[in-house]
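First up is the structure itself, then whatever we jot down about it.
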Amino acid sequence: MAKPARSRAAAAKSGADTENSAENSSASAETPFALAEPPENDFALRSLQEAHGADRRYKASDEELLTFYEQMLLIRRFEERAGQLYGLGLIGGFCHLYIGQEAVAVGLQSALDNGKDSVVTSYRDHGHMLAYGIDPRVIMAELTGRHSGISKGKGGSMHMFSVDHRFYGGHGIVGAQVPIGAGLAFAHKYRKDGGVCVAYFGDGAANQGQVYETFNMASLWKLPIILVVENNGYAMGTAVRRGSAETEFYRRGTAFRIPGMDVDGMDVLEVRQAAEIALDFVRKGNGPVLMELNTYRYRGHSMSDPAKYRSREEVQEMREKHDPIEGARKELIARGIPEDRLRDIDKAIRAQVAEAADFAENSPEPELAELYTDVLVERY
Ligand SMILES: Cc1ncc(C[n+]2csc(CCOP(=O)(O)OP(=O)(O)O)c2C)c(N)n1
């Protein structure tokens with residue numbers, strides 16, 4: 001419900017006789033300074049959440065749901081294998097796995113126009129690249145630091161990049177990808193190429209100042225950007241409720257007139273449907289949308305995190321009751337898709353991931369001379 005001061009402002013804007021109204025004479029006594037612009041588009045701030053609430057799940061065909069299942073399973077198996085290679089010492093440096101969050105990248109990415117739209121994310125980036133359809137072999141080879149990796153083996157887990165796919169990283173600085181996303185969105189608008197940028201960031205990153213500077217500019221300039229908070233419950237070892245005053249992240253754009261959407265990030269069909277609504281709004285030139293994708297990471301923050309800040313039972317419960325892949329599998333079976341077909345998909349994915357791992361282990365490392373390439377965009 002609108003607060004009293006807001007309705008007074010609306011009355012003033014609509015030309016109501018404020019001088020003679022008893023309500024308003026007491027109002028001006030309370031509020032001696034000029035009221036701000038009336039929030040005539042308050043409805044717009046709520047409208048996407050309302051549209052989402054009215055129709056939460058995408059009506060996927062069987063084939064579409066099978067594709068989502070396959071993509072999520074590819075991410076899961078790929079990440080499991082990456083974890084093993086890390087344990088064997090074949091992957092060095094930091095490595096942040098995406099296991100549990102697969103429905104977010106797959107649901108959103110599937111709604112994008114890969115020929116136009118751009119994506120930028122944090123260091124937890126392998127899943128987004130796979131959802132984009134980037135070859136698992138070059139992603140795995142990047143993880144093992146080989147020349148055939150997508151960043152020639154010089155970036156590793158956190159710094160993957162593909163101009164061809166309009167995938168702009170992979171960023172190790174928490175929150176830094178958000179203003180970069182606004183820059184990408186600015187470029188879409190400036191070039192009039194019809195593209196939208198999707199900038200993913202975590203619940204921890206959502207407490208960064210640069211995020212709100214970005215909200216302000218993106219809203220002011222009506223940039224075509226979807227700001228996606230992947231709320232996986234923890235920022236390293238800090239639970240959301242311990243580090244965030246406002247834990248409903250989708251509301252955080254309200255002060256900047258950015259509509260929010262609160263989405264179940266463990267249900268790929270809900271993610272996809274919400275993405276459609278958000279994209280439609282942004283593509284029409286209305287400016288940014290803030291989506292909160294409620295999800296969960298099963299593994300530690302990175303490979304070196306034993307995750308002692310949460311109970312085994314908590315993780316177990318999420319796995320058993322909310323797993324996005326299991327959810328999709330059950331739905332496929334309920335639709336009458338034969339279990340054999342799902343088993344074949346699983347087999348094919350295991351083979352694909354094994355091949356990616358072989359490729360990554362057997363490719364050569366970059367030449368020493370590569371140390372001096374790709375450092376600057378241009379020569380000085
Ligand atoms: C500016 C900055 N501060 C701190 C860090 C260390 N750090 C790396 S990840 C992380 C937690 C971020 O959590 P969240 O944004 O929720 O993303 P998640 O890891 O859960 O995907 C922190 C504090 C960093 N990399 N950059």
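Chain labels run A, B, ... following the order of the structure tokens; each chain numbers its residues from 1, and ligands are numbered from 1 in the order shown.
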Select from chain A every residue with an atom at most 8 Å from any atom of ligand 1, then for each give the shortest pair of atoms and their distance in Å to one decimal, using only C-alpha atoms and all ligand atoms, rows by chain and rising number, as JSON lines.
{"residue": "A:His96", "atom": "CA", "partner": "ligand 1", "partner_atom_place_in_ligand_line": "19 (O)", "distance": 7.5}
{"residue": "A:Ser122", "atom": "CA", "partner": "ligand 1", "partner_atom_place_in_ligand_line": "21 (O)", "distance": 7.1}
{"residue": "A:Tyr123", "atom": "CA", "partner": "ligand 1", "partner_atom_place_in_ligand_line": "21 (O)", "distance": 7.6}
{"residue": "A:Arg124", "atom": "CA", "partner": "ligand 1", "partner_atom_place_in_ligand_line": "21 (O)", "distance": 5.9}
{"residue": "A:Gly172", "atom": "CA", "partner": "ligand 1", "partner_atom_place_in_ligand_line": "25 (N)", "distance": 5.2}
{"residue": "A:Ile173", "atom": "CA", "partner": "ligand 1", "partner_atom_place_in_ligand_line": "26 (N)", "distance": 3.9}
{"residue": "A:Val174", "atom": "CA", "partner": "ligand 1", "partner_atom_place_in_ligand_line": "26 (N)", "distance": 4.0}
{"residue": "A:Gly175", "atom": "CA", "partner": "ligand 1", "partner_atom_place_in_ligand_line": "1 (C)", "distance": 6.7}
{"residue": "A:Ala176", "atom": "CA", "partner": "ligand 1", "partner_atom_place_in_ligand_line": "1 (C)", "distance": 7.4}
{"residue": "A:Phe201", "atom": "CA", "partner": "ligand 1", "partner_atom_place_in_ligand_line": "15 (O)", "distance": 5.9}
{"residue": "A:Gly202", "atom": "CA", "partner": "ligand 1", "partner_atom_place_in_ligand_line": "15 (O)", "distance": 3.3}
{"residue": "A:Asp203", "atom": "CA", "partner": "ligand 1", "partner_atom_place_in_ligand_line": "16 (O)", "distance": 4.0}
{"residue": "A:Gly204", "atom": "CA", "partner": "ligand 1", "partner_atom_place_in_ligand_line": "15 (O)", "distance": 3.5}
{"residue": "A:Ala205", "atom": "CA", "partner": "ligand 1", "partner_atom_place_in_ligand_line": "15 (O)", "distance": 3.7}
{"residue": "A:Ala206", "atom": "CA", "partner": "ligand 1", "partner_atom_place_in_ligand_line": "15 (O)", "distance": 6.5}
{"residue": "A:Glu230", "atom": "CA", "partner": "ligand 1", "partner_atom_place_in_ligand_line": "21 (O)", "distance": 7.0}
{"residue": "A:Asn231", "atom": "CA", "partner": "ligand 1", "partner_atom_place_in_ligand_line": "16 (O)", "distance": 6.6}
{"residue": "A:Asn232", "atom": "CA", "partner": "ligand 1", "partner_atom_place_in_ligand_line": "20 (O)", "distance": 5.7}
{"residue": "A:Gly233", "atom": "CA", "partner": "ligand 1", "partner_atom_place_in_ligand_line": "20 (O)", "distance": 7.1}
{"residue": "A:Tyr234", "atom": "CA", "partner": "ligand 1", "partner_atom_place_in_ligand_line": "20 (O)", "distance": 5.3}
{"residue": "A:Ala235", "atom": "CA", "partner": "ligand 1", "partner_atom_place_in_ligand_line": "13 (O)", "distance": 3.4}
{"residue": "A:Met236", "atom": "CA", "partner": "ligand 1", "partner_atom_place_in_ligand_line": "11 (C)", "distance": 4.6}
{"residue": "A:Arg297", "atom": "CA", "partner": "ligand 1", "partner_atom_place_in_ligand_line": "20 (O)", "distance": 7.7}
{"residue": "A:His301", "atom": "CA", "partner": "ligand 1", "partner_atom_place_in_ligand_line": "19 (O)", "distance": 5.7}
{"residue": "A:Ser302", "atom": "CA", "partner": "ligand 1", "partner_atom_place_in_ligand_line": "19 (O)", "distance": 7.9}
Shell around Leu97 of chain A at 12 Å using only C-alpha atoms, local window under 3 positions removed, as a PyMOL selection string
chain A and resi 75-84+86+94+100-102+122-128+143+157-158+296-305
Smallest atom-to-atom distance to Gly181 of chain A: which of A:Leu223, A:Thr144, A:Arg252, A:Glu355, using only C-alpha atoms?
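Comparing A:Leu223, A:Thr144, A:Arg252, A:Glu355 against Gly181 of chain A, the winner is A:Leu223.
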Please list as a ChimeraX atom specification every residue within 10 Å of Leu48 of chain A, counting only C-alpha atoms and excluding residues in the same chain fewer than 2 positions away.
/A:43-46,50-54,259-262,274,277-278,281,289-291
Could you pull out the helix (DSSP H, G or I) residues of segment 213-294 of chain A from DSSP and send them as a PyMOL selection string?
chain A and resi 213-220+240-243+249-256+268-283
Using only C-alpha atoms, which residue out of A:Tyr69, A:Tyr309, A:Tyr250, A:Tyr58 lies closest to Gln273 of chain A?
A:Tyr58
List every residue of segment 193-246 of chain A that DSSP, applied to the backbone of this structure, places in strand (DSSP E or B), and write the result as a PyMOL selection string.
chain A and resi 197-202+225-231+234-235+238-239
Pull N, CA and C atoms from the residues just selected and write them as a PDB file, in the first residue's frame.
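Once everything was written out, this is again29.pdb:
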ATOM      1  N   CYS A 197      22.412  -6.906 -22.208  1.00  0.00           N
ATOM      2  CA  CYS A 197      23.494  -7.533 -21.424  1.00  0.00           C
ATOM      3  C   CYS A 197      22.888  -8.186 -20.188  1.00  0.00           C
ATOM      4  N   VAL A 198      23.355  -9.389 -19.888  1.00  0.00           N
ATOM      5  CA  VAL A 198      22.976 -10.038 -18.631  1.00  0.00           C
ATOM      6  C   VAL A 198      24.221 -10.035 -17.741  1.00  0.00           C
ATOM      7  N   ALA A 199      24.114  -9.363 -16.609  1.00  0.00           N
ATOM      8  CA  ALA A 199      25.250  -9.288 -15.672  1.00  0.00           C
ATOM      9  C   ALA A 199      24.885 -10.072 -14.417  1.00  0.00           C
ATOM     10  N   TYR A 200      25.594 -11.165 -14.204  1.00  0.00           N
ATOM     11  CA  TYR A 200      25.360 -12.024 -13.035  1.00  0.00           C
ATOM     12  C   TYR A 200      26.290 -11.605 -11.899  1.00  0.00           C
ATOM     13  N   PHE A 201      25.782 -11.639 -10.685  1.00  0.00           N
ATOM     14  CA  PHE A 201      26.657 -11.424  -9.522  1.00  0.00           C
ATOM     15  C   PHE A 201      26.053 -12.118  -8.306  1.00  0.00           C
ATOM     16  N   GLY A 202      26.878 -12.270  -7.272  1.00  0.00           N
ATOM     17  CA  GLY A 202      26.428 -13.038  -6.112  1.00  0.00           C
ATOM     18  C   GLY A 202      25.740 -12.190  -5.054  1.00  0.00           C
ATOM     19  N   ILE A 225      19.909  -3.794 -19.697  1.00  0.00           N
ATOM     20  CA  ILE A 225      20.675  -4.735 -18.872  1.00  0.00           C
ATOM     21  C   ILE A 225      19.749  -5.479 -17.914  1.00  0.00           C
ATOM     22  N   ILE A 226      20.023  -6.770 -17.776  1.00  0.00           N
ATOM     23  CA  ILE A 226      19.341  -7.567 -16.750  1.00  0.00           C
ATOM     24  C   ILE A 226      20.383  -7.869 -15.683  1.00  0.00           C
ATOM     25  N   LEU A 227      20.101  -7.386 -14.489  1.00  0.00           N
ATOM     26  CA  LEU A 227      21.017  -7.565 -13.355  1.00  0.00           C
ATOM     27  C   LEU A 227      20.545  -8.795 -12.595  1.00  0.00           C
ATOM     28  N   VAL A 228      21.387  -9.806 -12.552  1.00  0.00           N
ATOM     29  CA  VAL A 228      20.962 -11.082 -11.971  1.00  0.00           C
ATOM     30  C   VAL A 228      21.746 -11.383 -10.698  1.00  0.00           C
ATOM     31  N   VAL A 229      21.053 -11.362  -9.565  1.00  0.00           N
ATOM     32  CA  VAL A 229      21.708 -11.768  -8.314  1.00  0.00           C
ATOM     33  C   VAL A 229      21.518 -13.274  -8.175  1.00  0.00           C
ATOM     34  N   GLU A 230      22.622 -14.005  -8.219  1.00  0.00           N
ATOM     35  CA  GLU A 230      22.530 -15.442  -7.944  1.00  0.00           C
ATOM     36  C   GLU A 230      22.678 -15.597  -6.439  1.00  0.00           C
ATOM     37  N   ASN A 231      21.562 -15.660  -5.759  1.00  0.00           N
ATOM     38  CA  ASN A 231      21.592 -15.777  -4.299  1.00  0.00           C
ATOM     39  C   ASN A 231      21.713 -17.254  -3.924  1.00  0.00           C
ATOM     40  N   TYR A 234      25.298 -17.973   0.422  1.00  0.00           N
ATOM     41  CA  TYR A 234      26.563 -17.702   1.109  1.00  0.00           C
ATOM     42  C   TYR A 234      27.503 -16.866   0.244  1.00  0.00           C
ATOM     43  N   ALA A 235      28.241 -15.983   0.915  1.00  0.00           N
ATOM     44  CA  ALA A 235      29.362 -15.290   0.278  1.00  0.00           C
ATOM     45  C   ALA A 235      30.596 -15.839   0.981  1.00  0.00           C
ATOM     46  N   THR A 238      30.059 -16.619   4.680  1.00  0.00           N
ATOM     47  CA  THR A 238      29.092 -15.751   5.350  1.00  0.00           C
ATOM     48  C   THR A 238      27.687 -15.974   4.807  1.00  0.00           C
ATOM     49  N   ALA A 239      26.804 -16.423   5.706  1.00  0.00           N
ATOM     50  CA  ALA A 239      25.420 -16.647   5.292  1.00  0.00           C
ATOM     51  C   ALA A 239      24.770 -15.299   4.996  1.00  0.00           C
TER      52      ALA A 239
END
Neighbour list for Ile333 of chain A as a VMD selection string, cut-off 12 Å, only C-alpha atoms, skip fewer than 4 positions in-chain:
chain A and resid 62 65 to 66 69 326 to 329 337 to 343
Between atom CA of Asp55 of chain A and atom CA of Glu331 of chain A, what distance in Å does the model show, to one decimal?
17.9 Å
Might you pull out every residue within 7 Å of segment 358-374 of chain A, with only C-alpha atoms counted and same-chain residues fewer than 5 positions away left off, and present them as number ranges by chain?
A: 137, 140-141, 144-148, 152-153
Could you take the residues named above and write them with N, CA and C atoms, as an mmCIF file, in the first residue's frame?
data_model
loop_
_atom_site.group_PDB
_atom_site.id
_atom_site.type_symbol
_atom_site.label_atom_id
_atom_site.label_comp_id
_atom_site.auth_asym_id
_atom_site.auth_seq_id
_atom_site.Cartn_x
_atom_site.Cartn_y
_atom_site.Cartn_z
ATOM 1 N N ARG A 137 35.612 -28.880 -24.285
ATOM 2 C CA ARG A 137 37.047 -29.195 -24.362
ATOM 3 C C ARG A 137 37.897 -27.942 -24.140
ATOM 4 N N MET A 140 37.669 -26.938 -20.431
ATOM 5 C CA MET A 140 38.487 -27.804 -19.569
ATOM 6 C C MET A 140 39.972 -27.533 -19.807
ATOM 7 N N ALA A 141 40.347 -27.306 -21.076
ATOM 8 C CA ALA A 141 41.758 -27.037 -21.382
ATOM 9 C C ALA A 141 42.196 -25.716 -20.749
ATOM 10 N N THR A 144 43.027 -26.474 -17.138
ATOM 11 C CA THR A 144 44.321 -27.140 -16.928
ATOM 12 C C THR A 144 45.491 -26.286 -17.461
ATOM 13 N N GLY A 145 45.177 -25.062 -17.893
ATOM 14 C CA GLY A 145 46.240 -24.135 -18.313
ATOM 15 C C GLY A 145 46.920 -24.527 -19.609
ATOM 16 N N ARG A 146 46.146 -25.008 -20.585
ATOM 17 C CA ARG A 146 46.745 -25.447 -21.852
ATOM 18 C C ARG A 146 46.498 -24.422 -22.970
ATOM 19 N N HIS A 147 47.359 -24.496 -23.976
ATOM 20 C CA HIS A 147 47.301 -23.516 -25.062
ATOM 21 C C HIS A 147 45.958 -23.547 -25.803
ATOM 22 N N SER A 148 45.364 -24.727 -25.854
ATOM 23 C CA SER A 148 44.080 -24.827 -26.574
ATOM 24 C C SER A 148 42.892 -24.357 -25.734
ATOM 25 N N LYS A 152 43.752 -19.305 -24.061
ATOM 26 C CA LYS A 152 45.100 -19.831 -24.359
ATOM 27 C C LYS A 152 45.812 -20.335 -23.107
ATOM 28 N N GLY A 153 45.026 -20.763 -22.129
ATOM 29 C CA GLY A 153 45.630 -21.318 -20.923
ATOM 30 C C GLY A 153 46.202 -20.272 -19.985
#
Residue contacts of Pro224 of chain A (6 Å, only C-alpha atoms) excluding same-chain residues fewer than 2 positions away, as number ranges by chain:
A: 185, 196, 282, 287-288
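What separates atom CA of Gln109 of chain A from atom CA of Asp280 of chain A is a distance of 14.4 Å.
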